[in-house]
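Note: the block below is my_file_15.pdb and it holds PDB, C-alpha atoms.
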MODEL        1
ATOM      1  CA  MET A   1     120.749 113.980 105.542  1.00  0.00           C
ATOM      2  CA  LYS A   2     118.020 112.154 107.461  1.00  0.00           C
ATOM      3  CA  SER A   3     115.641 115.109 107.190  1.00  0.00           C
ATOM      4  CA  ILE A   4     116.180 115.241 103.410  1.00  0.00           C
ATOM      5  CA  PHE A   5     115.288 111.552 103.210  1.00  0.00           C
ATOM      6  CA  TYR A   6     112.040 112.149 105.112  1.00  0.00           C
ATOM      7  CA  PHE A   7     111.189 115.211 103.055  1.00  0.00           C
ATOM      8  CA  LEU A   8     111.682 113.293  99.816  1.00  0.00           C
ATOM      9  CA  SER A   9     109.653 110.380 101.171  1.00  0.00           C
ATOM     10  CA  LEU A  10     106.801 112.710 102.053  1.00  0.00           C
ATOM     11  CA  LEU A  11     107.025 114.373  98.659  1.00  0.00           C
ATOM     12  CA  VAL A  12     106.891 111.050  96.794  1.00  0.00           C
ATOM     13  CA  VAL A  13     103.991 109.802  98.909  1.00  0.00           C
ATOM     14  CA  GLY A  14     102.131 113.087  98.551  1.00  0.00           C
ATOM     15  CA  VAL A  15     102.567 113.258  94.779  1.00  0.00           C
ATOM     16  CA  SER A  16     101.536 109.639  94.308  1.00  0.00           C
ATOM     17  CA  ALA A  17      98.508 110.148  96.564  1.00  0.00           C
ATOM     18  CA  CYS A  18      97.377 113.150  94.544  1.00  0.00           C
ATOM     19  CA  SER A  19      98.026 111.689  91.111  1.00  0.00           C
ATOM     20  CA  GLN A  20      95.959 108.519  91.377  1.00  0.00           C
ATOM     21  CA  PRO A  21      92.618 107.713  92.919  1.00  0.00           C
ATOM     22  CA  MET A  22      93.024 105.949  96.232  1.00  0.00           C
ATOM     23  CA  ASP A  23      91.483 102.613  97.028  1.00  0.00           C
ATOM     24  CA  GLU A  24      91.837 102.842 100.796  1.00  0.00           C
ATOM     25  CA  THR A  25      91.034  99.205 101.464  1.00  0.00           C
ATOM     26  CA  LYS A  26      93.703  97.941  99.097  1.00  0.00           C
ATOM     27  CA  ALA A  27      96.236 100.534 100.247  1.00  0.00           C
ATOM     28  CA  LEU A  28      95.699  99.724 103.918  1.00  0.00           C
ATOM     29  CA  ALA A  29      95.836  95.984 103.291  1.00  0.00           C
ATOM     30  CA  GLU A  30      99.188  96.408 101.554  1.00  0.00           C
ATOM     31  CA  LEU A  31     100.488  98.724 104.258  1.00  0.00           C
ATOM     32  CA  SER A  32      99.412  96.389 107.042  1.00  0.00           C
ATOM     33  CA  GLN A  33     101.104  93.425 105.330  1.00  0.00           C
ATOM     34  CA  GLN A  34     104.302  95.430 104.947  1.00  0.00           C
ATOM     35  CA  GLU A  35     104.175  96.685 108.529  1.00  0.00           C
ATOM     36  CA  LEU A  36     103.497  93.205 109.885  1.00  0.00           C
ATOM     37  CA  LEU A  37     106.360  91.779 107.846  1.00  0.00           C
ATOM     38  CA  LEU A  38     108.784  94.443 109.066  1.00  0.00           C
ATOM     39  CA  ASN A  39     107.690  93.986 112.678  1.00  0.00           C
ATOM     40  CA  CYS A  40     108.069  90.211 112.363  1.00  0.00           C
ATOM     41  CA  ARG A  41     111.554  90.627 110.918  1.00  0.00           C
ATOM     42  CA  LEU A  42     112.470  92.952 113.799  1.00  0.00           C
ATOM     43  CA  SER A  43     111.150  90.468 116.315  1.00  0.00           C
ATOM     44  CA  GLY A  44     113.071  87.628 114.676  1.00  0.00           C
ATOM     45  CA  ILE A  45     116.304  89.599 114.727  1.00  0.00           C
ATOM     46  CA  ARG A  46     115.846  90.525 118.385  1.00  0.00           C
ATOM     47  CA  ASP A  47     115.098  86.900 119.277  1.00  0.00           C
ATOM     48  CA  SER A  48     118.144  85.748 117.338  1.00  0.00           C
ATOM     49  CA  ILE A  49     120.591  88.037 119.089  1.00  0.00           C
ATOM     50  CA  SER A  50     118.983  87.378 122.456  1.00  0.00           C
ATOM     51  CA  GLY A  51     119.375  83.638 121.897  1.00  0.00           C
ATOM     52  CA  GLN A  52     123.004  84.074 120.933  1.00  0.00           C
ATOM     53  CA  TRP A  53     123.725  86.081 124.096  1.00  0.00           C
ATOM     54  CA  ASP A  54     121.894  83.437 126.123  1.00  0.00           C
ATOM     55  CA  GLN A  55     124.303  80.878 124.650  1.00  0.00           C
ATOM     56  CA  VAL A  56     127.314  83.052 125.535  1.00  0.00           C
ATOM     57  CA  ASN A  57     126.029  83.510 129.087  1.00  0.00           C
ATOM     58  CA  GLN A  58     125.501  79.768 129.474  1.00  0.00           C
ATOM     59  CA  MET A  59     129.048  79.103 128.279  1.00  0.00           C
ATOM     60  CA  LEU A  60     130.369  81.763 130.637  1.00  0.00           C
ATOM     61  CA  ASP A  61     128.426  80.296 133.534  1.00  0.00           C
ATOM     62  CA  GLU A  62     129.859  76.854 132.822  1.00  0.00           C
ATOM     63  CA  LYS A  63     133.454  77.934 132.180  1.00  0.00           C
ATOM     64  CA  LEU A  64     134.108  80.686 134.678  1.00  0.00           C
ATOM     65  CA  PRO A  65     136.484  79.648 137.437  1.00  0.00           C
ATOM     66  CA  PRO A  66     134.718  78.204 140.468  1.00  0.00           C
ATOM     67  CA  ASP A  67     136.750  80.411 142.794  1.00  0.00           C
ATOM     68  CA  MET A  68     135.573  83.582 141.040  1.00  0.00           C
ATOM     69  CA  PRO A  69     133.796  85.970 143.431  1.00  0.00           C
ATOM     70  CA  ALA A  70     130.030  85.464 143.164  1.00  0.00           C
ATOM     71  CA  LYS A  71     129.327  89.176 142.676  1.00  0.00           C
ATOM     72  CA  GLU A  72     131.818  89.465 139.794  1.00  0.00           C
ATOM     73  CA  LYS A  73     130.370  86.340 138.187  1.00  0.00           C
ATOM     74  CA  ALA A  74     126.815  87.654 138.508  1.00  0.00           C
ATOM     75  CA  ASN A  75     127.836  90.994 136.997  1.00  0.00           C
ATOM     76  CA  MET A  76     129.669  89.324 134.137  1.00  0.00           C
ATOM     77  CA  LEU A  77     126.641  87.164 133.334  1.00  0.00           C
ATOM     78  CA  LYS A  78     124.354  90.210 133.217  1.00  0.00           C
ATOM     79  CA  VAL A  79     126.444  91.949 130.575  1.00  0.00           C
ATOM     80  CA  ARG A  80     125.510  91.465 126.935  1.00  0.00           C
ATOM     81  CA  ASN A  81     128.347  93.454 125.485  1.00  0.00           C
ATOM     82  CA  ALA A  82     131.633  91.922 124.392  1.00  0.00           C
ATOM     83  CA  ASN A  83     133.714  95.008 125.159  1.00  0.00           C
ATOM     84  CA  LEU A  84     132.409  95.137 128.714  1.00  0.00           C
ATOM     85  CA  ILE A  85     133.006  91.416 129.220  1.00  0.00           C
ATOM     86  CA  ARG A  86     136.606  91.890 128.085  1.00  0.00           C
ATOM     87  CA  MET A  87     137.090  94.433 130.878  1.00  0.00           C
ATOM     88  CA  PHE A  88     136.612  91.819 133.609  1.00  0.00           C
ATOM     89  CA  GLN A  89     139.868  90.553 135.088  1.00  0.00           C
ATOM     90  CA  SER A  90     138.809  86.954 134.600  1.00  0.00           C
ATOM     91  CA  TYR A  91     138.409  87.423 130.828  1.00  0.00           C
ATOM     92  CA  GLU A  92     142.057  86.632 130.152  1.00  0.00           C
ATOM     93  CA  GLY A  93     141.670  83.245 131.836  1.00  0.00           C
ATOM     94  CA  LEU A  94     138.788  82.147 129.590  1.00  0.00           C
ATOM     95  CA  ASP A  95     139.393  79.442 127.003  1.00  0.00           C
ATOM     96  CA  GLN A  96     139.758  80.252 123.310  1.00  0.00           C
ATOM     97  CA  GLU A  97     136.435  78.627 122.341  1.00  0.00           C
ATOM     98  CA  LEU A  98     134.562  81.004 124.619  1.00  0.00           C
ATOM     99  CA  LYS A  99     136.549  84.005 123.401  1.00  0.00           C
ATOM    100  CA  SER A 100     135.792  83.018 119.787  1.00  0.00           C
ATOM    101  CA  THR A 101     132.101  82.623 120.568  1.00  0.00           C
ATOM    102  CA  LEU A 102     132.136  86.034 122.222  1.00  0.00           C
ATOM    103  CA  GLU A 103     133.794  87.592 119.158  1.00  0.00           C
ATOM    104  CA  PHE A 104     131.304  85.871 116.829  1.00  0.00           C
ATOM    105  CA  THR A 105     128.414  87.148 118.961  1.00  0.00           C
ATOM    106  CA  GLU A 106     129.852  90.657 118.984  1.00  0.00           C
ATOM    107  CA  ASN A 107     130.062  90.699 115.168  1.00  0.00           C
ATOM    108  CA  MET A 108     126.591  89.221 114.860  1.00  0.00           C
ATOM    109  CA  ASP A 109     125.257  91.821 117.292  1.00  0.00           C
ATOM    110  CA  LEU A 110     126.777  94.658 115.247  1.00  0.00           C
ATOM    111  CA  ASP A 111     125.361  93.284 111.996  1.00  0.00           C
ATOM    112  CA  LEU A 112     121.917  92.759 113.465  1.00  0.00           C
ATOM    113  CA  THR A 113     121.960  96.238 114.983  1.00  0.00           C
ATOM    114  CA  ARG A 114     122.528  97.639 111.479  1.00  0.00           C
ATOM    115  CA  GLN A 115     119.641  95.537 110.199  1.00  0.00           C
ATOM    116  CA  ILE A 116     117.392  96.762 112.999  1.00  0.00           C
ATOM    117  CA  THR A 117     118.270 100.366 112.161  1.00  0.00           C
ATOM    118  CA  ALA A 118     117.419  99.809 108.491  1.00  0.00           C
ATOM    119  CA  LEU A 119     114.121  98.113 109.362  1.00  0.00           C
ATOM    120  CA  LYS A 120     113.187 100.950 111.689  1.00  0.00           C
ATOM    121  CA  GLN A 121     113.829 103.428 108.888  1.00  0.00           C
ATOM    122  CA  GLU A 122     111.575 101.381 106.602  1.00  0.00           C
ATOM    123  CA  LEU A 123     108.905 101.446 109.316  1.00  0.00           C
ATOM    124  CA  GLU A 124     109.203 105.230 109.566  1.00  0.00           C
ATOM    125  CA  VAL A 125     108.645 105.609 105.812  1.00  0.00           C
ATOM    126  CA  LEU A 126     105.735 103.192 106.024  1.00  0.00           C
ATOM    127  CA  GLU A 127     104.277 105.230 108.890  1.00  0.00           C
ATOM    128  CA  ILE A 128     104.338 108.345 106.696  1.00  0.00           C
ATOM    129  CA  ARG A 129     102.513 106.492 103.927  1.00  0.00           C
ATOM    130  CA  LYS A 130      99.991 105.172 106.442  1.00  0.00           C
ATOM    131  CA  MET A 131      99.382 108.670 107.817  1.00  0.00           C
ATOM    132  CA  VAL A 132      98.648 109.950 104.305  1.00  0.00           C
ATOM    133  CA  VAL A 133      96.072 107.198 103.724  1.00  0.00           C
ATOM    134  CA  PHE A 134      94.401 107.736 107.094  1.00  0.00           C
ATOM    135  CA  GLU A 135      94.320 111.492 106.550  1.00  0.00           C
ATOM    136  CA  GLN A 136      92.624 110.935 103.204  1.00  0.00           C
ATOM    137  CA  ILE A 137      90.069 108.630 104.855  1.00  0.00           C
ATOM    138  CA  TYR A 138      89.418 111.206 107.561  1.00  0.00           C
ATOM    139  CA  LYS A 139      88.845 113.950 104.984  1.00  0.00           C
ATOM    140  CA  GLU A 140      86.631 111.835 102.750  1.00  0.00           C
ATOM    141  CA  LYS A 141      84.692 109.720 105.258  1.00  0.00           C
ATOM    142  CA  GLY A 142      84.817 111.558 108.557  1.00  0.00           C
ATOM    143  CA  GLU A 143      85.994 110.854 112.065  1.00  0.00           C
ATOM    144  CA  GLU A 144      83.724 107.892 112.836  1.00  0.00           C
ATOM    145  CA  GLU A 145      84.643 105.899 109.733  1.00  0.00           C
ATOM    146  CA  HIS A 146      88.285 106.833 110.234  1.00  0.00           C
ATOM    147  CA  ALA A 147      88.186 105.347 113.748  1.00  0.00           C
ATOM    148  CA  LYS A 148      86.540 102.135 112.504  1.00  0.00           C
ATOM    149  CA  ILE A 149      89.057 101.650 109.712  1.00  0.00           C
ATOM    150  CA  LYS A 150      91.956 102.404 112.038  1.00  0.00           C
ATOM    151  CA  SER A 151      90.676  99.774 114.460  1.00  0.00           C
ATOM    152  CA  VAL A 152      90.499  97.206 111.649  1.00  0.00           C
ATOM    153  CA  TYR A 153      94.022  98.141 110.578  1.00  0.00           C
ATOM    154  CA  GLU A 154      95.379  97.653 114.094  1.00  0.00           C
ATOM    155  CA  THR A 155      93.642  94.275 114.289  1.00  0.00           C
ATOM    156  CA  MET A 156      95.362  93.250 111.059  1.00  0.00           C
ATOM    157  CA  LEU A 157      98.720  93.937 112.710  1.00  0.00           C
ATOM    158  CA  GLU A 158      97.962  91.442 115.467  1.00  0.00           C
ATOM    159  CA  ALA A 159      98.447  88.515 113.088  1.00  0.00           C
ATOM    160  CA  SER A 160     101.050  85.951 114.053  1.00  0.00           C
ATOM    161  CA  CYS A 161     104.534  86.084 112.599  1.00  0.00           C
ATOM    162  CA  ASP A 162     104.629  82.338 112.028  1.00  0.00           C
TER     163      ASP A 162
ENDMDL
END
Do you think you could lay out the structure here as structure tokens?
Amino acid sequence: MKSIFYFLSLLVVGVSACSQPMDETKALAELSQQELLLNCRLSGIRDSISGQWDQVNQMLDEKLPPDMPAKEKANMLKVRNANLIRMFQSYEGLDQELKSTLEFTENMDLDLTRQITALKQELEVLEIRKMVVFEQIYKEKGEEEHAKIKSVYETMLEASCD
């Protein structure tokens, strides 16, 4: 199924590239804006889930029993996976607030993982479109101009997400 999706994406990009004259500057500006936006969204999602796990770890650190073996505590605090945390013997002794926060974080993690997967697929399609534009530039303007334009494109991606 995935290979059909990529084939159709390539077909659509190829047909559209052949059917209309290409303004490389405009096309690359649009592609870079889209790529930057997708990368910023990915970064924001990763920061969000990381922050949520940081909160869970802080709660765990504060609420784990003081007599818990240091090694077990350290291992539990390293884990950022609800199912693995539930496997620790001390899990059953945790308060309901912490268990609820862990469940919320688990659900959030699953949802954000789906979002990350979708964004990565969008980036893959965008990469195909970008390759078509750069190939056209290479054919029409040569290797040197291609390298210059590619360098400018990469600089455009360095913009801040703020």
Shell around Asp47 in chain A at 12 Å using all atoms listed in the file, local window under 5 positions removed, as a PDB file with C-alpha atoms, in the coordinates of the input:
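Output file around21.pdb is given in full below:
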ATOM      1  CA  CYS A  40     108.069  90.211 112.363  1.00  0.00           C
ATOM      2  CA  ARG A  41     111.554  90.627 110.918  1.00  0.00           C
ATOM      3  CA  LEU A  42     112.470  92.952 113.799  1.00  0.00           C
ATOM      4  CA  GLN A  52     123.004  84.074 120.933  1.00  0.00           C
ATOM      5  CA  TRP A  53     123.725  86.081 124.096  1.00  0.00           C
ATOM      6  CA  ASP A  54     121.894  83.437 126.123  1.00  0.00           C
ATOM      7  CA  ASP A 109     125.257  91.821 117.292  1.00  0.00           C
ATOM      8  CA  LEU A 112     121.917  92.759 113.465  1.00  0.00           C
ATOM      9  CA  ILE A 116     117.392  96.762 112.999  1.00  0.00           C
TER      10      ILE A 116
END
*range 93-97 of chain A: which residues within 10 Å, counting only C-alpha atoms, same-chain residues fewer than 5 positions away excluded, as a list in words?*
Met59, Leu60, Lys63, Leu64, Pro65, Leu102 and Glu103 of chain A
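Of the residues under consideration (A:Ala147, A:Leu119, A:Leu126, A:Ala159), A:Leu126 shows the shortest atom-to-atom contact distance to Ala27 in chain A when counting all atoms listed in the file.
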*List the residues matched by the PyMOL selection byres ((chain A and resi 49) around 12) in the displayed structure as a ChimeraX atom specification, ordered by chain and then by residue number.*
/A:42-48,50-56,80-81,104-113,115-116
*Selection: 9 Å around Ala29 in chain A, all atoms listed in the file, excl. self and same-chain fewer than 5 positions, as a PyMOL selection string*: chain A and resi 24+34+153+156
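With distances restricted to only C-alpha atoms, A:Asp23 is the closest residue to Gln136 in chain A from A:Glu158, A:Arg86, A:Asp23, A:Ser151.
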_Length of the CA of Thr155 in chain A to CA of Ser32 in chain A vector [Å]_ = 9.5 Å
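Going from CA of Lys78 in chain A to CA of Glu92 in chain A covers 18.3 Å.
The smallest atom-to-atom distance between Leu98 in chain A and any of A:Lys150, A:Pro69, A:Leu38, A:Ala82, using all atoms listed in the file, is found for A:Ala82.
Nearest to Lys71 in chain A of all the residues A:Glu145, A:Asn57, A:Thr25, A:Phe88 is A:Phe88, counting only C-alpha atoms.
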Please rebuild range 34-65 of chain A with N, CA and C atoms and return the result as an mmCIF file, keeping the file's coordinate frame.
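The new file result27.cif reads:
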data_model
loop_
_atom_site.group_PDB
_atom_site.id
_atom_site.type_symbol
_atom_site.label_atom_id
_atom_site.label_comp_id
_atom_site.auth_asym_id
_atom_site.auth_seq_id
_atom_site.Cartn_x
_atom_site.Cartn_y
_atom_site.Cartn_z
ATOM 1 N N GLN A 34 102.917 94.968 104.888
ATOM 2 C CA GLN A 34 104.302 95.430 104.947
ATOM 3 C C GLN A 34 104.717 95.704 106.392
ATOM 4 N N GLU A 35 103.849 96.359 107.139
ATOM 5 C CA GLU A 35 104.175 96.685 108.529
ATOM 6 C C GLU A 35 104.324 95.414 109.364
ATOM 7 N N LEU A 36 103.414 94.470 109.162
ATOM 8 C CA LEU A 36 103.497 93.205 109.885
ATOM 9 C C LEU A 36 104.790 92.471 109.537
ATOM 10 N N LEU A 37 105.126 92.437 108.273
ATOM 11 C CA LEU A 37 106.360 91.779 107.846
ATOM 12 C C LEU A 37 107.590 92.426 108.486
ATOM 13 N N LEU A 38 107.648 93.747 108.463
ATOM 14 C CA LEU A 38 108.784 94.443 109.066
ATOM 15 C C LEU A 38 108.850 94.197 110.573
ATOM 16 N N ASN A 39 107.705 94.246 111.233
ATOM 17 C CA ASN A 39 107.690 93.986 112.678
ATOM 18 C C ASN A 39 108.096 92.548 112.992
ATOM 19 N N CYS A 40 107.673 91.608 112.159
ATOM 20 C CA CYS A 40 108.069 90.211 112.363
ATOM 21 C C CYS A 40 109.571 90.038 112.153
ATOM 22 N N ARG A 41 110.102 90.699 111.147
ATOM 23 C CA ARG A 41 111.554 90.627 110.918
ATOM 24 C C ARG A 41 112.317 91.219 112.097
ATOM 25 N N LEU A 42 111.839 92.344 112.613
ATOM 26 C CA LEU A 42 112.470 92.952 113.799
ATOM 27 C C LEU A 42 112.433 91.993 114.983
ATOM 28 N N SER A 43 111.303 91.402 115.200
ATOM 29 C CA SER A 43 111.150 90.468 116.315
ATOM 30 C C SER A 43 112.088 89.276 116.149
ATOM 31 N N GLY A 44 112.182 88.760 114.937
ATOM 32 C CA GLY A 44 113.071 87.628 114.676
ATOM 33 C C GLY A 44 114.533 87.975 114.915
ATOM 34 N N ILE A 45 114.922 89.158 114.513
ATOM 35 C CA ILE A 45 116.304 89.599 114.727
ATOM 36 C C ILE A 45 116.590 89.733 116.221
ATOM 37 N N ARG A 46 115.656 90.357 116.931
ATOM 38 C CA ARG A 46 115.846 90.525 118.385
ATOM 39 C C ARG A 46 115.922 89.173 119.091
ATOM 40 N N ASP A 47 115.066 88.237 118.683
ATOM 41 C CA ASP A 47 115.098 86.900 119.277
ATOM 42 C C ASP A 47 116.414 86.200 118.970
ATOM 43 N N SER A 48 116.899 86.391 117.761
ATOM 44 C CA SER A 48 118.144 85.748 117.338
ATOM 45 C C SER A 48 119.326 86.217 118.177
ATOM 46 N N ILE A 49 119.450 87.522 118.332
ATOM 47 C CA ILE A 49 120.591 88.037 119.089
ATOM 48 C C ILE A 49 120.431 87.715 120.573
ATOM 49 N N SER A 50 119.211 87.733 121.059
ATOM 50 C CA SER A 50 118.983 87.378 122.456
ATOM 51 C C SER A 50 119.371 85.917 122.701
ATOM 52 N N GLY A 51 119.009 85.051 121.781
ATOM 53 C CA GLY A 51 119.375 83.638 121.897
ATOM 54 C C GLY A 51 120.876 83.423 121.865
ATOM 55 N N GLN A 52 121.548 84.197 121.014
ATOM 56 C CA GLN A 52 123.004 84.074 120.933
ATOM 57 C C GLN A 52 123.659 84.530 122.238
ATOM 58 N N TRP A 53 123.167 85.627 122.815
ATOM 59 C CA TRP A 53 123.725 86.081 124.096
ATOM 60 C C TRP A 53 123.391 85.104 125.215
ATOM 61 N N ASP A 54 122.230 84.475 125.140
ATOM 62 C CA ASP A 54 121.894 83.437 126.123
ATOM 63 C C ASP A 54 122.916 82.303 126.061
ATOM 64 N N GLN A 55 123.304 81.943 124.838
ATOM 65 C CA GLN A 55 124.303 80.878 124.650
ATOM 66 C C GLN A 55 125.654 81.309 125.236
ATOM 67 N N VAL A 56 126.049 82.538 124.987
ATOM 68 C CA VAL A 56 127.314 83.052 125.535
ATOM 69 C C VAL A 56 127.258 83.025 127.063
ATOM 70 N N ASN A 57 126.153 83.494 127.624
ATOM 71 C CA ASN A 57 126.029 83.510 129.087
ATOM 72 C C ASN A 57 126.068 82.105 129.675
ATOM 73 N N GLN A 58 125.460 81.150 128.998
ATOM 74 C CA GLN A 58 125.501 79.768 129.474
ATOM 75 C C GLN A 58 126.936 79.242 129.448
ATOM 76 N N MET A 59 127.648 79.532 128.362
ATOM 77 C CA MET A 59 129.048 79.103 128.279
ATOM 78 C C MET A 59 129.875 79.770 129.373
ATOM 79 N N LEU A 60 129.643 81.054 129.580
ATOM 80 C CA LEU A 60 130.369 81.763 130.637
ATOM 81 C C LEU A 60 130.082 81.128 131.996
ATOM 82 N N ASP A 61 128.829 80.874 132.257
ATOM 83 C CA ASP A 61 128.426 80.296 133.534
ATOM 84 C C ASP A 61 129.122 78.953 133.770
ATOM 85 N N GLU A 62 129.238 78.175 132.703
ATOM 86 C CA GLU A 62 129.859 76.854 132.822
ATOM 87 C C GLU A 62 131.385 76.920 132.928
ATOM 88 N N LYS A 63 131.996 77.935 132.306
ATOM 89 C CA LYS A 63 133.454 77.934 132.180
ATOM 90 C C LYS A 63 134.174 78.936 133.076
ATOM 91 N N LEU A 64 133.431 79.757 133.776
ATOM 92 C CA LEU A 64 134.108 80.686 134.678
ATOM 93 C C LEU A 64 134.701 79.901 135.841
ATOM 94 N N PRO A 65 135.827 80.372 136.343
ATOM 95 C CA PRO A 65 136.484 79.648 137.437
ATOM 96 C C PRO A 65 135.584 79.539 138.661
#
